[in-house]
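Asks: Can you read through this structure? Questions will come right after.
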Amino acid sequence: MRRASIGLLTLLAHVCGPASSYHLDAPNGVDAYLFVPPENALSKAKIELGRRLFFDRRLSADQSTSCASCHRPERAFSDTAPRAIGVFGRVGRRNAPALINVGYGKSFSWDGRTASIEEQVLRAIQDSLELALPLDEMVARLRADAYYRRAYRQSFGGDVSAEATARALASYLRTLRSGDSPRDRFHLGDTLGLSVEARRGFRLFAGKANCSRCHMGPTLSDEEFHNTGVSFGGGDAGRAEVTGRDGDRGAFNTPTLRDVALTSPYMHDGSFRMLEEVIEFYNRGGGPNPHLDSEIQPLGLTPEEKRSLLAFLQSLTGERCHGRMRC
């Protein structure tokens, strides 16, 4: 695992060249610069079009499900079901991850199989367990709508297309930001920003509990893949499905901990309903298996320490901003 420290809130950020970075008016604690492909520069028109598409059920085969059905704004753009439920009631393989601050990601999906948000949204639209809509049919539906014909011309100067749809959705997703949490305000000098118990929890997070080995930077994720032993041997090979390496079996992308109190159930398979269960899982050393990450060890936390760690995790709930460049 990476050995960077979580610091206070001068946390590690993505380093992007001037041609590939974009400034958003971000909440406290969140890096204002995120990677935006030069060919898909942000604009208000694209963001609004992407927002409309995100909530439109016509992007699913049976017109029953939208992106927002599994990524609910009030849940930090995550879901309440252990595994995502797509069209025709089909149950997916994994939990729908929180999309908050997704614009800072390096790769996407629990196993990192896609390298850009643009690619990921088209995968979700076509996936048989998600929206299951062929792209040509999606384009035909959108072209039949006068609003969309105007919006695509305004945003892209041309007709409705799958590529433009991906770019619009990605533009909206890059505006999903969360920050200015009690923890952020405390580290910026608000001495009343965190309770005494949550401060003890932060020291545990960065020390004895070892959480900051993987949950670091402004998004509290190292964007790497780790085997913690969750449901190992249950048929989901995780990162190994992408790399083909046996050593990656059971490894999954580190999720953000921002707004974590809102994103239950937890883990790639939604196997834990409560944060207390997650803390207890790591306290006992995860799930033993041949590929368990070397950093996962029994923690020996006392009941009081567990409560303090929980209080700190709850302090990561922040102010959410989406659909606009300025928060």
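Chain lettering (A, B, ...) mirrors the order of the structure tokens, residue numbering begins at 1 for each chain separately, and ligand numbering begins at 1 in order of display.
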Please run DSSP on the backbone and report, as an NGL selection string, all residues within segment 101-204 of chain A that come out as helix (DSSP H, G or I).
Replies: :A and (102-104 or 117-126 or 135-143 or 146-156 or 162-173 or 182-187 or 196-204)
Asks: Restricting the output to C-alpha atoms, write the selected residues as a tab-separated table (two decimals), in the first residue's frame.
Replies:
```tsv
chain	number	residue	atom	x	y	z
A	102	VAL	CA	-16.09	10.66	-8.81
A	103	GLY	CA	-14.38	13.24	-11.01
A	104	TYR	CA	-11.16	12.70	-9.07
A	117	ILE	CA	-16.14	8.39	-16.83
A	118	GLU	CA	-17.19	8.69	-20.47
A	119	GLU	CA	-16.47	5.01	-21.04
A	120	GLN	CA	-18.09	3.97	-17.76
A	121	VAL	CA	-21.47	5.60	-18.41
A	122	LEU	CA	-21.82	3.88	-21.79
A	123	ARG	CA	-20.98	0.53	-20.17
A	124	ALA	CA	-23.72	1.06	-17.58
A	125	ILE	CA	-26.30	1.98	-20.20
A	126	GLN	CA	-25.58	-1.18	-22.22
A	135	LEU	CA	-26.79	2.56	-27.94
A	136	ASP	CA	-28.53	2.86	-31.29
A	137	GLU	CA	-31.90	2.60	-29.56
A	138	MET	CA	-30.83	5.15	-26.97
A	139	VAL	CA	-29.88	7.60	-29.72
A	140	ALA	CA	-33.20	7.04	-31.52
A	141	ARG	CA	-35.18	7.73	-28.35
A	142	LEU	CA	-33.29	10.92	-27.61
A	143	ARG	CA	-33.53	12.17	-31.19
A	146	ALA	CA	-37.35	18.09	-29.26
A	147	TYR	CA	-35.68	19.22	-26.03
A	148	TYR	CA	-32.79	16.83	-26.53
A	149	ARG	CA	-32.32	17.78	-30.18
A	150	ARG	CA	-31.96	21.44	-29.15
A	151	ALA	CA	-29.78	20.65	-26.15
A	152	TYR	CA	-27.32	18.54	-28.15
A	153	ARG	CA	-27.01	21.26	-30.79
A	154	GLN	CA	-26.39	23.86	-28.09
A	155	SER	CA	-23.88	21.70	-26.20
A	156	PHE	CA	-22.05	20.01	-29.06
A	162	ALA	CA	-23.70	8.08	-28.15
A	163	GLU	CA	-20.36	9.89	-27.83
A	164	ALA	CA	-22.05	13.21	-27.04
A	165	THR	CA	-24.33	11.47	-24.52
A	166	ALA	CA	-21.31	10.03	-22.73
A	167	ARG	CA	-19.65	13.44	-22.66
A	168	ALA	CA	-22.75	15.16	-21.27
A	169	LEU	CA	-23.25	12.58	-18.53
A	170	ALA	CA	-19.56	12.70	-17.63
A	171	SER	CA	-19.71	16.50	-17.41
A	172	TYR	CA	-22.56	16.29	-14.91
A	173	LEU	CA	-20.83	13.57	-12.89
A	182	PRO	CA	-17.09	18.96	10.31
A	183	ARG	CA	-13.69	17.33	9.90
A	184	ASP	CA	-12.77	19.74	7.10
A	185	ARG	CA	-13.86	22.77	9.11
A	186	PHE	CA	-11.91	21.56	12.15
A	187	HIS	CA	-8.71	21.21	10.13
A	196	VAL	CA	-13.68	15.40	21.52
A	197	GLU	CA	-14.73	11.84	20.68
A	198	ALA	CA	-14.37	12.43	16.93
A	199	ARG	CA	-10.89	13.92	17.47
A	200	ARG	CA	-9.90	10.74	19.28
A	201	GLY	CA	-11.34	8.86	16.33
A	202	PHE	CA	-9.20	10.83	13.90
A	203	ARG	CA	-6.06	9.90	15.82
A	204	LEU	CA	-7.12	6.27	15.65
```
Asks: Using the chain letters and numbers from this document, which residues of segment 230-268 of chain A does DSSP assign to strand (DSSP E or B), as a PyMOL selection string?
Replies: chain A and resi 238+251-253+266
Asks: Can you spit out the residues from that selection as a short mmCIF file (atom, residue, chain, number, x, y, z; two decimals), in the first residue's frame, using C-alpha atoms?
Replies:
```cif
data_model
loop_
_atom_site.label_atom_id
_atom_site.label_comp_id
_atom_site.auth_asym_id
_atom_site.auth_seq_id
_atom_site.Cartn_x
_atom_site.Cartn_y
_atom_site.Cartn_z
CA GLY A 238 -12.54 -8.57 -8.39
CA ALA A 251 -9.06 -7.05 -4.65
CA PHE A 252 -11.42 -4.11 -5.11
CA ASN A 253 -11.08 -0.35 -5.51
CA TYR A 266 -20.98 -1.14 2.58
#
```
Asks: From the set A:Gly235, A:Pro265, A:Pro73, A:Gly229, which residue has the shortest atom-to-atom contact distance to Gly285 of chain A, counting only C-alpha atoms?
Replies: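 Once distances to Gly285 of chain A are computed over only C-alpha atoms, the minimum belongs to A:Gly229.
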Asks: Hey, which of A:Asn210, A:Phe88, A:Arg93, A:His215 ends up closest to Gly234 of chain A? Count only C-alpha atoms.
Replies: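 When distances to Gly234 of chain A are compared using only C-alpha atoms, the smallest one comes from A:Arg93.
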Asks: Using Å and a single decimal, report how far atom CA of Thr191 of chain A sits from atom CA of Cys327 of chain A.
Replies: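 So the two atoms, atom CA of Cys327 of chain A and atom CA of Thr191 of chain A, lie 23.8 Å apart.
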Asks: Which residue is closest to Phe77 of chain A? Choose from A:Ser181, A:Ser264, A:Asn40, A:Thr254 and count only C-alpha atoms.
Replies: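 Counting only C-alpha atoms, the residue closest to Phe77 of chain A is A:Ser264.
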Asks: Using only C-alpha atoms, which protein or nucleic acid residues come within 10 Å of Asp236 of chain A? Drop anything in the same chain fewer than 6 positions from it, and give the result as a list of chain:residue names.
Replies: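 The neighbour list is A:Arg93, A:Arg94, A:Arg249, A:Gly250, A:Ala251, A:His268, A:Asp269.
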Asks: Quote the spacing between atom CA of Pro218 of chain A and atom CA of Asp259 of chain A in Å to one decimal place.
Replies: 12.5 Å
Asks: State, in Å with one decimal place, the distance from atom CA of Asp222 of chain A to atom CA of Leu257 of chain A.
Replies: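 Calculated distance between atom CA of Asp222 of chain A and atom CA of Leu257 of chain A is 10.9 Å.
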Asks: Hey, what's within 8 Å of Arg90 of chain A if we count only C-alpha atoms and toss same-chain stuff fewer than 4 positions away? As a PyMOL selection string, please?
Replies: chain A and resi 85-86+129-130
Asks: Using C-alpha atoms, can you write the selected residues to a file as an mmCIF file, in the first residue's frame?
Replies:
```cif
data_model
loop_
_atom_site.group_PDB
_atom_site.id
_atom_site.type_symbol
_atom_site.label_atom_id
_atom_site.label_comp_id
_atom_site.auth_asym_id
_atom_site.auth_seq_id
_atom_site.Cartn_x
_atom_site.Cartn_y
_atom_site.Cartn_z
ATOM 1 C CA ILE A 85 -31.136 -3.569 -9.139
ATOM 2 C CA GLY A 86 -31.411 -2.863 -12.851
ATOM 3 C CA LEU A 129 -27.861 -6.116 -15.464
ATOM 4 C CA GLU A 130 -28.065 -2.329 -15.388
#
```
